[in-house]
Amino acid sequence: MHDQDIAMIPGLADFPRNQWYVIGYSSELGRSPVRRDCLGDPIVLFRTEAGKAVALFDRCPHRGMPLSKGKLLGDSIQCGYHGIEFGPDGKCTKIPSGGGLPAKMAVKPYPLIERAGWIWIWMGIGAQADVTLIPNHEELGMEGTGWYPDPGIHVELKANYLLPLENLADATHITYLHHGLIDTGNVAAVPYRMVVDDRRVRVFRDFVNEPMPPILAQVFHLRGERITRTLELTTFVPNLVMIRNSFIEVDVPDPQRRVNTLIVAVTPGNARYTHEFSAFGNNYPQQYAGRFDDLKKILLEDVEAIEEIQTMFDRLGIDRAPEVSVKSDEPAIRVRRLISQMIHREREGAAAA
Amino acid sequence: MHDQDIAMIPGLADFPRNQWYVIGYSSELGRSPVRRDCLGDPIVLFRTEAGKAVALFDRCPHRGMPLSKGKLLGDSIQCGYHGIEFGPDGKCTKIPSGGGLPAKMAVKPYPLIERAGWIWIWMGIGAQADVTLIPNHEELGMEGTGWYPDPGIHVELKANYLLPLENLADATHITYLHHGLIDTGNVAAVPYRMVVDDRRVRVFRDFVNEPMPPILAQVFHLRGERITRTLELTTFVPNLVMIRNSFIEVDVPDPQRRVNTLIVAVTPGNARYTHEFSAFGNNYPQQYAGRFDDLKKILLEDVEAIEEIQTMFDRLGIDRAPEVSVKSDEPAIRVRRLISQMIHREREGAAAA
Amino acid sequence: MHDQDIAMIPGLADFPRNQWYVIGYSSELGRSPVRRDCLGDPIVLFRTEAGKAVALFDRCPHRGMPLSKGKLLGDSIQCGYHGIEFGPDGKCTKIPSGGGLPAKMAVKPYPLIERAGWIWIWMGIGAQADVTLIPNHEELGMEGTGWYPDPGIHVELKANYLLPLENLADATHITYLHHGLIDTGNVAAVPYRMVVDDRRVRVFRDFVNEPMPPILAQVFHLRGERITRTLELTTFVPNLVMIRNSFIEVDVPDPQRRVNTLIVAVTPGNARYTHEFSAFGNNYPQQYAGRFDDLKKILLEDVEAIEEIQTMFDRLGIDRAPEVSVKSDEPAIRVRRLISQMIHREREGAAAA
């Protein structure tokens, strides 16, 4: 009945588990438990007294209370219902009402890695956590000499993650959904070059001697009004989009080639709820004070459209909501295919194990 | 387990598709897209530059965005997400990001007819749209010499359409649900005459030398206080009720026989959501300024009761929510039977085709 | 897949029907219909002109309107839609639009018993209503010489009844969920004695020369600050918990042994909605004015925790939300077993009949 891989239908797309996902900002974590959903799992996040970030399955195995409603005692989290305590490894350290500590009285711990202000969580089989699967942060402009990482804002959507992922990687909606805010009305029609490898779908568009709208003029920290630029939209499957402008001003003396990068990590909360965590990675230190307010304004236009699409999909069902793709959807189709392959490899691995 | 046609159980009754339904008022349509649900379909309505009313399936086939969130460009509607445009016939007229115009990139157009301030939509197979199936507007008092059409107000209910349809066609609830507002406490007990044909169930009740409550005195534009009248409640299956009072004043000099008609079109938005579009069709030109406020007050008493019944039905399920009918339900039972036959004929036609 | 009786999994536990449940307070019932859900049934409650309490299934069998939206005429309740009337026995007494009174036009009546300010309803087969199944009200401190019954407050929870029932019967959460309000931090660790019979699970804990927090000092009407007490938590399966403190002051002249009893009846509204009706039964007449405000504060802490647990359970499903019990859960496990046996006996009885 369906001519496409059901795992990749936007509105109900599946996601791989053996991957790192951004679960929040380093600045969010401290000595109060933080509650957040990821890939359908309830997660509680906190720091030990020494400052190490910890993530545990957020459900006390005793009677099902969210641990995030409890409090920290040293490096343990104490359930707010009956006072049972769990260490950073998820093992029970105390049962106040007595008896032994049963082995089953434990919660799943999740590997975490902090990098450049972001916290990455490994949602798959712990023993398979492979740090090389995290995108190269130097490539993102978030680590390394001459880059200035600048996280960022958290936006939530009531929609399947594939909708915002494709939205972010798609230049052709900018002219229509964000009319005038971040382009001059010509992005959709500009031809693109696509480069695909096993992990990235990269799309490039060139613009010559182009006037900039006010928001971009400020985030690019322009002295003049016109630039020549290359716009790169790169999707790191399954969950991150890098939007990079490499530009040079054309109407000022002594122009410098500069690079502005907006990175947005897309993390499924569950099948129909998604987080976006964003950051900038520029090769110049100046930060426009209103950058996150402007970013939020633009992302919320996306959120409104995406939630309309999810609602329409849920209402009509798959059979009444087919897609008709156009030429410029080629990168999105490639992204779907890469994620689909990733999920299939993961399942084959699980079946073989 | 059920002794009645399951398709006609109030609370989840089915509806025929090869019929005209009122979808709105002529006055609502202009150069801004209007979004409305009908028979489970999302519809966008607008007018061309020449003023012709247009209805299209309200979902861009590209990525599922409601077209009603977009804007009109000439006679086309432009999707607000990627700028794809569709003409009044539903065919794609432009894809800004380039490539050809695939035949599949099209949305279903719906036949529309405007009559006496109402817009009728054909929800079935386009080629079978038969204008003679629209109720006779002269009979309704909305067209023809000596009639004064006067639309009207839109009310929405969270309930299956059969509940409001039967409610409107039922005189016996007036005394109880609307106590004193539009009768003098004697409607339920008055005997009725019923006349049924293949499309209408007509019910007549006679009242002699009867005092009128204030609301009716005003909408009937009475000089005195008492009238002799015939109350006609006619259901045009599957979706319209005409409530007509033919009356003559008994306590004024030189009385005239006059006719007041309230017409209410009942349009399923979906299986559990219904529109009521109302209008007056009188043979006298005087319009009481508060007529629609009073009508709304009465309809909202109906809405409250009907939504309680739907909630009760949904909560208990069919098996725990049987109906016990009484003598005065005879007209409603006949209406159900006519609609059921209509649906069965439609399905047989579809199966034979 | 489940190592426990599925009927007794907290979050979706089943309930016996052939039992008495508290449905409200005597003070709530008068000549206006009261609407309340019990074991999934919609119920309407009112008093006859002579003051007798009446409970009927709250759905007019004619067209499904809640009778509680109607009004009382003498000892009958009149449906607010078409005016059909039903007597206290549930039989139809009038159909205003005429015709006979069909036998099917009737609603189920429920046996009621009023006792000490509470109204008990029998939700099972009427002929099997056995008044001896109501807990002994002298034992509860709500009837008999020297007891002062004092009902009470109604609290509602969006959760399965087994969660609040176990919550109320569990002393070990007091220290953590209500920290400091009603204990001095040592309840969880105090050893208990358990006594079980076929209807009750009784749990006792002794405290010697213990300081009292302000709330308990007031409800116990203490002159001094320290008491020696026995705390008894008795669950009367399937639906009532008695929390009794037998205490004697240790720092005042001429101390008296006194008994404070908090009784909470737990009544399923439906599978995921529950009522708590509470009362005090003390052997001293003094009533602290703020007792119900304080009780409400504590119960709402329970409600918040319980609703979190229900939400977690519904979200994860049975297979991802197993329980790991500890030593102090022994009484709760016994309660579950007794209720499970009750349900199984009831079903065997029904199958045999």
# chains A, B, ... in the order shown; residues from 1 in each chain; ligands from 1
>>> select_by_dssp(residues="segment 71-309 of chain C", states="strand (DSSP E)", output="PyMOL selection string")
chain C and resi 71-73+76-78+85-86+92-94+112-115+118-122+148-157+193-196+200-211+226-236+240-249+257-270+273-282
>>> write_last_selection(atoms="C-alpha atoms", output="PDB file, in the first residue's frame")
ATOM      1  CA  LYS C  71     -34.959  18.368  37.957  1.00  0.00           C
ATOM      2  CA  LEU C  72     -36.985  16.799  40.762  1.00  0.00           C
ATOM      3  CA  LEU C  73     -40.774  16.730  40.609  1.00  0.00           C
ATOM      4  CA  SER C  76     -39.438  11.613  40.550  1.00  0.00           C
ATOM      5  CA  ILE C  77     -36.611  12.990  38.486  1.00  0.00           C
ATOM      6  CA  GLN C  78     -37.591  14.568  35.182  1.00  0.00           C
ATOM      7  CA  GLU C  85     -39.971  11.070  34.535  1.00  0.00           C
ATOM      8  CA  PHE C  86     -38.539   8.270  36.678  1.00  0.00           C
ATOM      9  CA  CYS C  92     -40.775   5.459  34.274  1.00  0.00           C
ATOM     10  CA  THR C  93     -43.733   7.374  35.695  1.00  0.00           C
ATOM     11  CA  LYS C  94     -44.545   9.724  32.803  1.00  0.00           C
ATOM     12  CA  LEU C 112     -27.942   3.022  49.429  1.00  0.00           C
ATOM     13  CA  ILE C 113     -27.207   3.024  53.165  1.00  0.00           C
ATOM     14  CA  GLU C 114     -26.529   6.162  55.169  1.00  0.00           C
ATOM     15  CA  ARG C 115     -24.300   5.786  58.184  1.00  0.00           C
ATOM     16  CA  TRP C 118     -21.496   8.789  54.834  1.00  0.00           C
ATOM     17  CA  ILE C 119     -23.557   7.309  52.014  1.00  0.00           C
ATOM     18  CA  TRP C 120     -22.656   3.784  50.977  1.00  0.00           C
ATOM     19  CA  ILE C 121     -23.735   2.439  47.575  1.00  0.00           C
ATOM     20  CA  TRP C 122     -24.003  -1.205  46.508  1.00  0.00           C
ATOM     21  CA  TYR C 148     -17.339  11.562  67.625  1.00  0.00           C
ATOM     22  CA  PRO C 149     -17.797  11.089  63.873  1.00  0.00           C
ATOM     23  CA  ASP C 150     -16.590  14.046  61.853  1.00  0.00           C
ATOM     24  CA  PRO C 151     -16.873  13.855  58.053  1.00  0.00           C
ATOM     25  CA  GLY C 152     -15.069  15.099  55.901  1.00  0.00           C
ATOM     26  CA  ILE C 153     -13.554  16.123  52.561  1.00  0.00           C
ATOM     27  CA  HIS C 154     -13.797  14.800  49.037  1.00  0.00           C
ATOM     28  CA  VAL C 155     -10.617  14.580  46.976  1.00  0.00           C
ATOM     29  CA  GLU C 156     -10.427  13.351  43.375  1.00  0.00           C
ATOM     30  CA  LEU C 157      -7.450  11.696  41.657  1.00  0.00           C
ATOM     31  CA  ARG C 193       3.624  -5.903  63.360  1.00  0.00           C
ATOM     32  CA  MET C 194       1.112  -7.136  60.793  1.00  0.00           C
ATOM     33  CA  VAL C 195      -2.162  -8.969  61.502  1.00  0.00           C
ATOM     34  CA  VAL C 196      -4.219 -10.235  58.568  1.00  0.00           C
ATOM     35  CA  ARG C 200      -8.438  -6.599  56.999  1.00  0.00           C
ATOM     36  CA  VAL C 201      -4.715  -6.049  56.808  1.00  0.00           C
ATOM     37  CA  ARG C 202      -3.639  -4.390  60.051  1.00  0.00           C
ATOM     38  CA  VAL C 203      -0.199  -2.848  60.600  1.00  0.00           C
ATOM     39  CA  PHE C 204       1.005  -1.502  63.958  1.00  0.00           C
ATOM     40  CA  ARG C 205       4.008   0.631  64.894  1.00  0.00           C
ATOM     41  CA  ASP C 206       4.958   1.823  68.384  1.00  0.00           C
ATOM     42  CA  PHE C 207       6.623   5.150  69.213  1.00  0.00           C
ATOM     43  CA  VAL C 208       7.825   6.055  72.708  1.00  0.00           C
ATOM     44  CA  ASN C 209       8.161   9.575  74.109  1.00  0.00           C
ATOM     45  CA  GLU C 210       8.086  11.220  70.737  1.00  0.00           C
ATOM     46  CA  PRO C 211       7.817  14.947  69.972  1.00  0.00           C
ATOM     47  CA  ARG C 226       5.442  14.588  73.558  1.00  0.00           C
ATOM     48  CA  ILE C 227       3.436  11.403  73.336  1.00  0.00           C
ATOM     49  CA  THR C 228       3.829   7.650  73.424  1.00  0.00           C
ATOM     50  CA  ARG C 229       1.635   6.119  70.717  1.00  0.00           C
ATOM     51  CA  THR C 230       0.648   3.155  68.640  1.00  0.00           C
ATOM     52  CA  LEU C 231       0.044   3.954  64.987  1.00  0.00           C
ATOM     53  CA  GLU C 232      -2.373   1.517  63.358  1.00  0.00           C
ATOM     54  CA  LEU C 233      -2.898   1.432  59.599  1.00  0.00           C
ATOM     55  CA  THR C 234      -5.723  -0.921  58.759  1.00  0.00           C
ATOM     56  CA  THR C 235      -6.947  -1.581  55.234  1.00  0.00           C
ATOM     57  CA  PHE C 236     -10.479  -2.917  54.958  1.00  0.00           C
ATOM     58  CA  LEU C 240     -11.170   1.789  53.055  1.00  0.00           C
ATOM     59  CA  VAL C 241      -8.173   2.675  55.164  1.00  0.00           C
ATOM     60  CA  MET C 242      -8.297   3.464  58.880  1.00  0.00           C
ATOM     61  CA  ILE C 243      -5.323   5.416  60.235  1.00  0.00           C
ATOM     62  CA  ARG C 244      -5.520   5.312  64.033  1.00  0.00           C
ATOM     63  CA  ASN C 245      -3.287   6.837  66.675  1.00  0.00           C
ATOM     64  CA  SER C 246      -3.782   5.560  70.250  1.00  0.00           C
ATOM     65  CA  PHE C 247      -1.667   7.857  72.365  1.00  0.00           C
ATOM     66  CA  ILE C 248      -0.961   9.144  75.814  1.00  0.00           C
ATOM     67  CA  GLU C 249       0.816  12.387  76.587  1.00  0.00           C
ATOM     68  CA  ARG C 257      -5.291   7.643  76.741  1.00  0.00           C
ATOM     69  CA  ARG C 258      -6.931   9.015  73.639  1.00  0.00           C
ATOM     70  CA  VAL C 259      -7.679   7.745  70.153  1.00  0.00           C
ATOM     71  CA  ASN C 260      -7.602   9.734  66.931  1.00  0.00           C
ATOM     72  CA  THR C 261      -8.850   8.009  63.778  1.00  0.00           C
ATOM     73  CA  LEU C 262      -8.658   9.201  60.219  1.00  0.00           C
ATOM     74  CA  ILE C 263     -10.799   7.081  57.933  1.00  0.00           C
ATOM     75  CA  VAL C 264     -10.455   7.380  54.148  1.00  0.00           C
ATOM     76  CA  ALA C 265     -12.787   5.562  51.796  1.00  0.00           C
ATOM     77  CA  VAL C 266     -11.314   5.003  48.337  1.00  0.00           C
ATOM     78  CA  THR C 267     -13.939   4.722  45.602  1.00  0.00           C
ATOM     79  CA  PRO C 268     -13.083   4.039  41.961  1.00  0.00           C
ATOM     80  CA  GLY C 269     -14.856   6.528  39.682  1.00  0.00           C
ATOM     81  CA  ASN C 270     -13.537   4.504  36.799  1.00  0.00           C
ATOM     82  CA  TYR C 273     -10.207   8.100  38.270  1.00  0.00           C
ATOM     83  CA  THR C 274     -10.744   7.763  42.006  1.00  0.00           C
ATOM     84  CA  HIS C 275     -12.560   9.462  44.871  1.00  0.00           C
ATOM     85  CA  GLU C 276     -11.280   9.776  48.421  1.00  0.00           C
ATOM     86  CA  PHE C 277     -13.916  10.479  51.080  1.00  0.00           C
ATOM     87  CA  SER C 278     -12.480  11.103  54.515  1.00  0.00           C
ATOM     88  CA  ALA C 279     -13.739  11.425  58.074  1.00  0.00           C
ATOM     89  CA  PHE C 280     -12.387  11.568  61.594  1.00  0.00           C
ATOM     90  CA  GLY C 281     -13.585   9.285  64.376  1.00  0.00           C
ATOM     91  CA  ASN C 282     -12.024  10.346  67.683  1.00  0.00           C
TER      92      ASN C 282
END
>>> interface_residues(of="chain A", to="chain C", cutoff="10 Å", atoms="only C-alpha atoms", output="ChimeraX atom specification")
/A:40-42,58-66,69-70,78-84,95-106
>>> select_by_dssp(residues="segment 116-317 of chain A", states="alpha helix (DSSP H)", output="NGL selection string")
:A and (137-140 or 162-168 or 174-177 or 214-219 or 291-316)
>>> residues_around(residues="Pro135 of chain B", least_positions_apart="3", cutoff="10 Å", atoms="only C-alpha atoms", output="MDAnalysis selection string")
chainID B and resid 20 131:132 138:140 199:200 236:237 239:240
>>> write_last_selection(atoms="C-alpha atoms", output="JSON list (two decimals), in the first residue's frame")
[["chain", "number", "residue", "atom", "x", "y", "z"],
["B", 20, "TRP", "CA", -24.81, 18.70, -1.30],
["B", 131, "VAL", "CA", -27.95, 20.22, -8.68],
["B", 132, "THR", "CA", -31.53, 18.94, -8.43],
["B", 138, "GLU", "CA", -38.65, 28.42, -2.99],
["B", 139, "GLU", "CA", -40.13, 25.76, -0.73],
["B", 140, "LEU", "CA", -37.68, 26.87, 1.99],
["B", 199, "ARG", "CA", -36.71, 12.92, 0.58],
["B", 200, "ARG", "CA", -38.75, 14.63, 3.30],
["B", 236, "PHE", "CA", -34.92, 17.19, 4.16],
["B", 237, "VAL", "CA", -32.69, 14.15, 4.41],
["B", 239, "ASN", "CA", -28.99, 17.42, 6.27],
["B", 240, "LEU", "CA", -31.55, 20.18, 6.58]]
>>> atom_distance(atom1="atom CA of Gln128 of chain C", atom2="atom CA of Gly144 of chain C")
27.0 Å
>>> closest_residue(among="A:Phe57, A:Val303, A:Leu168, A:Arg345", to="Ala332 of chain A", atoms="only C-alpha atoms")
A:Leu168
>>> atom_distance(atom1="atom CA of Gly126 of chain B", atom2="atom CA of Ala13 of chain B")
23.7 Å
>>> residues_around(residues="Glu49 of chain B", least_positions_apart="6", cutoff="8 Å", atoms="only C-alpha atoms", output="list in words")
Arg31, Gly74 and Asp75 of chain B
>>> atom_distance(atom1="atom CA of Thr145 of chain C", atom2="atom CA of Ala116 of chain C")
12.8 Å
